[in-house]
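Listing of work_27.cif, mmCIF, C-alpha atoms
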```cif
data_protein
#
loop_
_atom_site.label_atom_id
_atom_site.label_comp_id
_atom_site.auth_asym_id
_atom_site.auth_seq_id
_atom_site.Cartn_x
_atom_site.Cartn_y
_atom_site.Cartn_z
CA GLN C 1 249.97 208.05 193.46
CA VAL C 2 252.74 205.53 193.07
CA GLN C 3 253.52 203.67 196.28
CA LEU C 4 256.15 201.03 196.94
CA VAL C 5 256.51 199.29 200.30
CA GLU C 6 259.30 196.79 200.87
CA SER C 7 259.32 194.07 203.51
CA GLY C 8 261.08 190.84 204.35
CA GLY C 9 264.52 192.04 205.33
CA GLY C 10 266.35 190.77 208.38
CA LEU C 11 269.37 188.94 209.69
CA VAL C 12 270.39 185.74 207.92
CA GLN C 13 273.46 183.54 208.15
CA PRO C 14 275.85 183.15 205.22
CA GLY C 15 274.51 180.56 202.82
CA GLY C 16 270.95 181.22 203.88
CA SER C 17 267.95 182.47 201.95
CA LEU C 18 265.55 185.36 202.23
CA ARG C 19 262.59 186.61 200.19
CA LEU C 20 261.91 190.31 199.88
CA SER C 21 258.49 191.66 198.93
CA CYS C 22 257.47 194.97 197.38
CA ALA C 23 253.78 195.84 197.56
CA HIS C 24 253.04 198.35 194.82
CA SER C 25 250.06 200.48 193.88
CA GLY C 26 249.07 203.53 191.85
CA PHE C 27 250.35 202.47 188.44
CA ASN C 28 249.96 199.92 185.66
CA LEU C 29 252.95 197.61 185.80
CA ASP C 30 252.43 196.69 182.15
CA ARG C 31 253.68 200.18 181.26
CA TYR C 32 256.46 200.40 183.83
CA ALA C 33 259.90 199.04 184.50
CA ILE C 34 260.47 197.81 188.03
CA GLY C 35 263.38 196.43 189.95
CA TRP C 36 265.40 195.90 193.08
CA PHE C 37 268.41 198.00 194.02
CA ARG C 38 270.72 197.92 197.01
CA ARG C 39 273.11 200.23 198.79
CA ALA C 40 275.77 198.73 201.00
CA PRO C 41 277.66 200.84 203.56
CA GLY C 42 280.31 202.90 201.81
CA LYS C 43 279.32 201.71 198.35
CA GLU C 44 277.36 203.06 195.44
CA ARG C 45 273.82 201.96 194.78
CA GLU C 46 273.61 198.82 192.63
CA GLY C 47 270.75 197.47 190.57
CA VAL C 48 270.42 193.78 191.47
CA SER C 49 267.42 192.83 189.36
CA CYS C 50 265.13 194.64 186.93
CA ILE C 51 262.20 193.86 184.66
CA SER C 52 261.34 196.00 181.64
CA SER C 53 257.82 195.97 180.21
CA SER C 54 259.26 197.40 176.97
CA ASP C 55 260.76 194.11 175.87
CA GLY C 56 259.90 191.74 178.71
CA SER C 57 263.56 191.37 179.61
CA THR C 58 264.99 190.58 183.02
CA TYR C 59 268.48 191.53 184.19
CA TYR C 60 270.83 190.43 186.95
CA PRO C 61 274.41 191.63 187.41
CA ASP C 62 277.12 189.00 187.74
CA SER C 63 277.31 189.65 191.49
CA VAL C 64 273.90 188.02 192.06
CA LYS C 65 273.26 185.99 188.90
CA GLY C 66 272.26 182.44 189.76
CA ARG C 67 271.50 183.37 193.37
CA PHE C 68 268.73 185.98 193.10
CA THR C 69 265.40 185.63 191.29
CA ILE C 70 262.88 188.39 190.63
CA SER C 71 259.21 187.55 190.22
CA ARG C 72 255.81 189.19 190.13
CA ASP C 73 252.39 188.30 191.48
CA ASN C 74 250.06 190.57 189.55
CA ALA C 75 246.99 189.44 191.50
CA LYS C 76 248.64 190.61 194.72
CA SER C 77 250.38 193.63 193.14
CA THR C 78 253.60 192.42 194.66
CA LEU C 79 257.15 192.11 193.38
CA TYR C 80 259.47 189.59 194.99
CA LEU C 81 263.20 189.05 195.21
CA GLN C 82 264.18 185.54 196.22
CA MET C 83 267.74 185.54 197.49
CA SER C 84 269.71 182.37 198.16
CA SER C 85 273.32 181.43 198.94
CA LEU C 86 273.61 184.78 200.64
CA LYS C 87 277.04 186.22 201.32
CA PRO C 88 278.20 188.86 203.81
CA GLU C 89 278.77 191.20 200.85
CA ASP C 90 275.03 191.06 200.13
CA THR C 91 274.47 193.06 203.30
CA ALA C 92 272.71 196.27 202.27
CA VAL C 93 269.49 198.22 202.32
CA TYR C 94 267.36 196.86 199.48
CA TYR C 95 265.02 199.19 197.62
CA CYS C 96 262.16 198.59 195.21
CA ALA C 97 261.93 201.17 192.42
CA THR C 98 259.84 201.81 189.35
CA THR C 99 259.41 204.19 186.43
CA PRO C 100 257.16 204.47 183.37
CA THR C 101 258.83 203.05 180.28
CA SER C 102 257.36 205.88 178.15
CA ASN C 103 258.23 204.10 174.90
CA ARG C 104 261.97 204.50 175.55
CA GLY C 105 262.59 200.94 174.45
CA TRP C 106 265.10 200.35 177.22
CA SER C 107 266.03 196.87 178.32
CA ALA C 108 265.98 195.68 181.92
CA GLN C 109 269.75 196.08 181.99
CA ASP C 110 269.41 199.73 181.04
CA TYR C 111 267.05 200.39 183.92
CA CYS C 112 269.33 198.60 186.36
CA ILE C 113 272.62 200.23 185.41
CA TYR C 114 271.80 203.82 184.44
CA ASP C 115 271.83 206.18 187.39
CA GLY C 116 268.62 208.13 187.66
CA SER C 117 266.63 205.67 185.56
CA MET C 118 263.96 205.14 188.23
CA ASP C 119 261.51 207.85 189.32
CA TYR C 120 259.82 206.22 192.30
CA TRP C 121 261.43 204.53 195.28
CA GLY C 122 260.36 202.68 198.38
CA LYS C 123 261.94 203.34 201.76
CA GLY C 124 263.98 200.17 201.75
CA THR C 125 264.45 197.10 203.90
CA LEU C 126 267.71 196.11 205.58
CA VAL C 127 269.30 192.74 204.84
CA THR C 128 272.19 191.69 207.06
CA VAL C 129 274.16 188.56 206.23
CA SER C 130 276.27 187.58 209.20
CA SER C 131 277.10 184.63 211.42
#
```

What would the structure in this file look like if it were written as structure tokens?
Amino acid sequence: QVQLVESGGGLVQPGGSLRLSCAHSGFNLDRYAIGWFRRAPGKEREGVSCISSSDGSTYYPDSVKGRFTISRDNAKSTLYLQMSSLKPEDTAVYYCATTPTSNRGWSAQDYCIYDGSMDYWGKGTLVTVSS
């Protein structure tokens, strides 16, 4: 079955960096979309980076563009999110999520912004940006 396990969260000072990892198993990533989402206290869940196997696209919202980078290590079955220039407003629980693309032809942006787009979720890892 599909399994996603996040790690790498913690406390970091503003301006610092952190790398999150998502170990995944039970599916062929070449036929799935995958991404990172976050939920901050009192806010709605936000897609912060997604990759779509349908068109090979990658998406970042303006809130993290230029600061966050998503990457994959297929040999290790691991997805990463490198976060730099962190701000207090980046404080949130970060989740890894995935879903089969099923020939929908969606872009990475579609998977990141449409609520309910992802079928499988990890348990999350907490990132706190504070001095």

Give me, as a ChimeraX atom specification, all polymer residues having an atom no more than 8 Å from Thr128 of chain C, counting all atoms listed in the file and skipping those fewer than 5 positions away in the same chain. /C:9-12,88,90-92

Write the residues you've just listed into a file as an mmCIF file, in the coordinates of the input, and include C-alpha atoms for each of them.
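And here's result-v8.cif as it stands now:
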```cif
data_model
loop_
_atom_site.group_PDB
_atom_site.id
_atom_site.type_symbol
_atom_site.label_atom_id
_atom_site.label_comp_id
_atom_site.auth_asym_id
_atom_site.auth_seq_id
_atom_site.Cartn_x
_atom_site.Cartn_y
_atom_site.Cartn_z
ATOM 1 C CA GLY C 9 264.520 192.040 205.330
ATOM 2 C CA GLY C 10 266.350 190.770 208.380
ATOM 3 C CA LEU C 11 269.370 188.940 209.690
ATOM 4 C CA VAL C 12 270.390 185.740 207.920
ATOM 5 C CA PRO C 88 278.200 188.860 203.810
ATOM 6 C CA ASP C 90 275.030 191.060 200.130
ATOM 7 C CA THR C 91 274.470 193.060 203.300
ATOM 8 C CA ALA C 92 272.710 196.270 202.270
#
```

Which of these residues is nearest to Ala75 of chain C, using all atoms listed in the file: C:Leu29, C:Val2, C:Ala97, C:Cys50?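 Using all atoms listed in the file, Ala75 of chain C sits closest to C:Leu29.
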
Counting only C-alpha atoms, give me one row per residue of segment 11-34 of chain C with an atom at most 12 Å from an atom of segment 118-124 of chain C, showing the shortest contact pair and its distance in Å to one decimal, sorted by chain then residue number, as JSON lines.
```
{"residue": "C:Leu20", "atom": "CA", "partner": "C:Gly124", "partner_atom": "CA", "distance": 10.2}
{"residue": "C:Ser21", "atom": "CA", "partner": "C:Gly124", "partner_atom": "CA", "distance": 10.5}
{"residue": "C:Cys22", "atom": "CA", "partner": "C:Gly122", "partner_atom": "CA", "distance": 8.3}
{"residue": "C:Ala23", "atom": "CA", "partner": "C:Gly122", "partner_atom": "CA", "distance": 9.5}
{"residue": "C:His24", "atom": "CA", "partner": "C:Gly122", "partner_atom": "CA", "distance": 9.2}
{"residue": "C:Ser25", "atom": "CA", "partner": "C:Tyr120", "partner_atom": "CA", "distance": 11.4}
{"residue": "C:Gly26", "atom": "CA", "partner": "C:Tyr120", "partner_atom": "CA", "distance": 11.1}
{"residue": "C:Phe27", "atom": "CA", "partner": "C:Tyr120", "partner_atom": "CA", "distance": 10.9}
{"residue": "C:Tyr32", "atom": "CA", "partner": "C:Met118", "partner_atom": "CA", "distance": 9.9}
{"residue": "C:Ala33", "atom": "CA", "partner": "C:Met118", "partner_atom": "CA", "distance": 8.2}
{"residue": "C:Ile34", "atom": "CA", "partner": "C:Met118", "partner_atom": "CA", "distance": 8.1}
```

With the PyMOL selection byres ((chain C and resi 70-74) around 10) as the selection, what would be picked from this file? Answer as a compact mmCIF listing (two decimals) with C-alpha atoms, in the frame of the given file, please.
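part_15.txt, written as the output of this step:
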```txt
# COMPACT_ATOMS: atom_id res chain seq x y z
CA ARG C 19 262.59 186.61 200.19
CA LEU C 20 261.91 190.31 199.88
CA SER C 21 258.49 191.66 198.93
CA CYS C 22 257.47 194.97 197.38
CA ALA C 23 253.78 195.84 197.56
CA HIS C 24 253.04 198.35 194.82
CA LEU C 29 252.95 197.61 185.80
CA ASP C 30 252.43 196.69 182.15
CA GLY C 35 263.38 196.43 189.95
CA TRP C 36 265.40 195.90 193.08
CA VAL C 48 270.42 193.78 191.47
CA SER C 49 267.42 192.83 189.36
CA CYS C 50 265.13 194.64 186.93
CA ILE C 51 262.20 193.86 184.66
CA THR C 58 264.99 190.58 183.02
CA TYR C 59 268.48 191.53 184.19
CA TYR C 60 270.83 190.43 186.95
CA PHE C 68 268.73 185.98 193.10
CA THR C 69 265.40 185.63 191.29
CA ALA C 75 246.99 189.44 191.50
CA LYS C 76 248.64 190.61 194.72
CA SER C 77 250.38 193.63 193.14
CA THR C 78 253.60 192.42 194.66
CA LEU C 79 257.15 192.11 193.38
CA TYR C 80 259.47 189.59 194.99
CA LEU C 81 263.20 189.05 195.21
CA GLN C 82 264.18 185.54 196.22
CA MET C 83 267.74 185.54 197.49
```

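Relative to atom CA of Gly8 of chain C, atom CA of Glu89 of chain C is found at 18.0 Å.
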
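Atom to atom, atom CA of Ser57 of chain C and atom CA of Asp115 of chain C stand 18.7 Å apart.
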
Mind giving me the straight-line distance from atom CA of Pro100 of chain C to atom CA of Pro61 of chain C in Å, one decimal?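 So the two atoms, atom CA of Pro100 of chain C and atom CA of Pro61 of chain C, lie 21.9 Å apart.
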
Taking only C-alpha atoms into account, name the residue in C:Ser7, C:Arg31, C:Asp55, C:Gly66 that is nearest to Thr101 of chain C.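 Nearest to Thr101 of chain C: C:Arg31.
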
Between C:Leu18, C:Gln1, C:Ser52, C:Pro41, single out the one closest to Asp110 of chain C, counting only C-alpha atoms.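 Closest candidate: C:Ser52.
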
Would you please work out which residue, of C:Tyr94, C:Tyr114, C:Thr99, C:Ser84, is nearest to Ala40 of chain C when using all atoms listed in the file?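 Ranking C:Tyr94, C:Tyr114, C:Thr99, C:Ser84 by distance to Ala40 of chain C, first place goes to C:Tyr94.
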
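With all atoms listed in the file as the atoms that count, the minimum distance from Asn103 of chain C to the choices C:Gln3, C:Ser54, C:Ser117, C:Gly42 is reached by C:Ser54.
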
Quick one: residues within 7 Å of Glu46 of chain C, only C-alpha atoms, excluding same-chain residues fewer than 3 positions away - as a PDB file with C-alpha atoms, keeping the file's coordinate frame?
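Wrote part.pdb, looks like this:
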```
ATOM      1  CA  PHE C  37     268.410 198.000 194.020  1.00  0.00           C
ATOM      2  CA  ARG C  38     270.720 197.920 197.010  1.00  0.00           C
ATOM      3  CA  ARG C  39     273.110 200.230 198.790  1.00  0.00           C
TER       4      ARG C  39
END
```

Return as a list in words the set of residues that the PyMOL selection byres ((chain C and resi 86) around 6) yields on the displayed structure.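 Output from the PyMOL selection byres ((chain C and resi 86) around 6), applied to this file: Pro14, Gly15, Gly16, Ser84, Ser85 and Lys87 of chain C.
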